[in-house]
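Below is one structure, written out as structure tokens; comments come after it.
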Amino acid sequence: MDFLRPASWEEALAAKAEHPTAVPIAGGTDVMVEINFDHRRPEYLMDLTRIGDLYAWEVGRDTVRLGASVPYAEIMEHLRPELPGLALASHTVASPQIRNRGGVGGNLGTASPAGDAHPALLAAGAEVEVESVRGSRRIPIDDFYTGVKRNALAPDELIRAVHIDKADGPQQYSKVGTRNAMVIAVCAFGLALHPETRTVRTGIGSAAPTPIRARAAEDFLDAALEEGGFWDNGKIITPSLAKRFADLCAAACNPIDDVRGTASYRRHAVGVMARRTLTWTWESYRGAHRTTEGAA
């Protein structure tokens, strides 16, 4: 195994063009596990830790540009107001040591359905900025996952950053694991309310071959909230509405039985998480709605 260590982004792109099979490594929290267990033996490893741009973030007027290697700990500490769903997901990642090393770019590169960041990125509607010597492009998160541990990157492309809209409403994240720390998700669920567009987005992890959205559930809830005037009157979500949303989220899953959980348990757990996160996010929205009305 040869080791490549570019000193700049331009050198990294040139190296990736010359060696398309090179596996990039920054935090190494996924790649090193696969190498140590002999699940992967790449011809080249490309160390990206000397490229400072990958560890930087920028908060704009409407969006956050998050470098691919920004550690989860930094997201938790500095970007919670702008990216609350992703900050909550970051809390569930492994241990403090791994949260200080691992970043969203690694989750995206590995594209495991159990990656903790994926549900939050789907719910927020992120875009992945990728680049090669041929140029750069942005891939909508909905188009990024193409199969089990497969993504839309071309062989010569590297992930440079993720662009995420700043939260305009409450966001939540929930994860089921076999213990409280250092655990791969049995299943996970992310939910984001977008009051400006009066829409809801979901993200489901570890309950299908790829991270997915529950689109039928989103469409149902969008229509129900609009028809009932919920966005304007801030009414409590009825149990029947929450149950229907949860049932549709569970139905969106296509899970497997494995050592962490059965398919039927995963469907059930996703439904429970969907109902709970909907309740939590809507109560947060109602609280903000009442505060706004009181100020007016």
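Every chain in the structure tokens takes a letter, A first, then B, and so on in the order presented; its residues are numbered from 1, and the ligands are numbered from 1 following the presented order.
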
- Which residues come within 7 Å of Asp156 (chain A), counting only C-alpha atoms, excluding same-chain residues fewer than 6 positions away, as a list in words? Lys16, Ala17, Pro20 and Ser132 of chain A

- Message: Need to verify the contact set: region 96-112 of chain A, 10 Å, only C-alpha atoms, exclusion of same-chain residues closer than 4 positions in sequence. Can you return it as a ChimeraX atom specification?
- Response: /A:23-31,54-55,66-76,86,90-92,116-118,121,128,141,144-153,158-162,181-182,205-206,209-211

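Atom to atom, CA of Ala207 (chain A) and CA of Cys253 (chain A) stand 5.5 Å apart.
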
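Every protein or nucleic acid residue with an atom no more than 9 Å from Ala223 (chain A), counting only C-alpha atoms and leaving out same-chain residues fewer than 5 positions away, appears here: A:Thr199, A:Glu218, A:Gly228.
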
Can you spit out the residues from that selection as a tab-separated table (two decimals), in the first residue's frame, using N, CA, C and O atoms?
chain	number	residue	atom	x	y	z
A	199	THR	N	-42.84	23.27	4.43
A	199	THR	CA	-42.57	21.88	4.08
A	199	THR	C	-41.86	21.19	5.23
A	199	THR	O	-41.30	21.83	6.13
A	218	GLU	N	-43.74	12.79	4.03
A	218	GLU	CA	-43.56	14.23	3.91
A	218	GLU	C	-44.74	14.86	3.16
A	218	GLU	O	-45.28	15.90	3.59
A	228	GLY	N	-55.01	22.16	7.37
A	228	GLY	CA	-55.51	22.45	8.71
A	228	GLY	C	-55.08	23.80	9.23
A	228	GLY	O	-55.45	24.16	10.37

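For Ala246 (chain A), the non-local neighbours within 7 Å, defined as residues at least 3 positions apart in the same chain or in other chains and counting only C-alpha atoms, are A:Ala242, A:Lys243, A:Cys249, A:Ala250, A:Gly271, A:Val272, A:Ala274, A:Arg275.
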
- Note on the structure: Trp282 (chain A) proximity check over A:Gly60, A:Pro255, A:Gly52, A:Pro195, using only C-alpha atoms: winner is A:Pro195

- Apply DSSP to the structure's backbone, then extract all residues of region 109-177 of chain A labelled alpha helix (DSSP H) and return them as a ChimeraX atom specification. /A:109-110,118-124,141-144

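Interatomic distance, CA of Pro113 (chain A) against CA of Ala208 (chain A): 7.0 Å.
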
- Message: I'd like the contact shell of Arg179 (chain A) - 12 Å cut-off, only C-alpha atoms, skipping same-chain residues fewer than 6 positions apart - returned as an MDAnalysis selection string.
- Response: chainID A and resid 92 94 185:186 260

Can you write just those residues out, N, CA and C atoms, as a short mmCIF file (atom, residue, chain, number, x, y, z; two decimals), in the first residue's frame?
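Contents of part_34.cif, freshly written:
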data_model
loop_
_atom_site.label_atom_id
_atom_site.label_comp_id
_atom_site.auth_asym_id
_atom_site.auth_seq_id
_atom_site.Cartn_x
_atom_site.Cartn_y
_atom_site.Cartn_z
N THR A 92 -24.19 11.86 18.72
CA THR A 92 -24.35 10.40 18.80
C THR A 92 -23.18 9.64 18.19
N ALA A 94 -20.06 7.88 18.06
CA ALA A 94 -18.99 7.16 18.75
C ALA A 94 -18.59 7.79 20.08
N ALA A 185 -25.63 2.58 14.39
CA ALA A 185 -27.08 2.72 14.50
C ALA A 185 -27.81 1.46 14.06
N VAL A 186 -28.75 1.03 14.89
CA VAL A 186 -29.73 0.05 14.44
C VAL A 186 -30.64 0.71 13.43
N ARG A 260 -27.49 -6.50 14.49
CA ARG A 260 -27.90 -5.38 15.32
C ARG A 260 -29.41 -5.32 15.52
#

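We find CA of Leu241 (chain A) and CA of Leu221 (chain A) to be spaced 7.9 Å apart.
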
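Closest to Thr21 (chain A) among A:Leu225, A:Leu191, A:Ala214, A:Leu4 is A:Leu4, based on only C-alpha atoms.
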
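With only C-alpha atoms as the basis for measurement, A:Asp165 is the residue among A:Glu226, A:Asp165, A:Asp257, A:Asp47 that approaches Asp62 (chain A) most closely.
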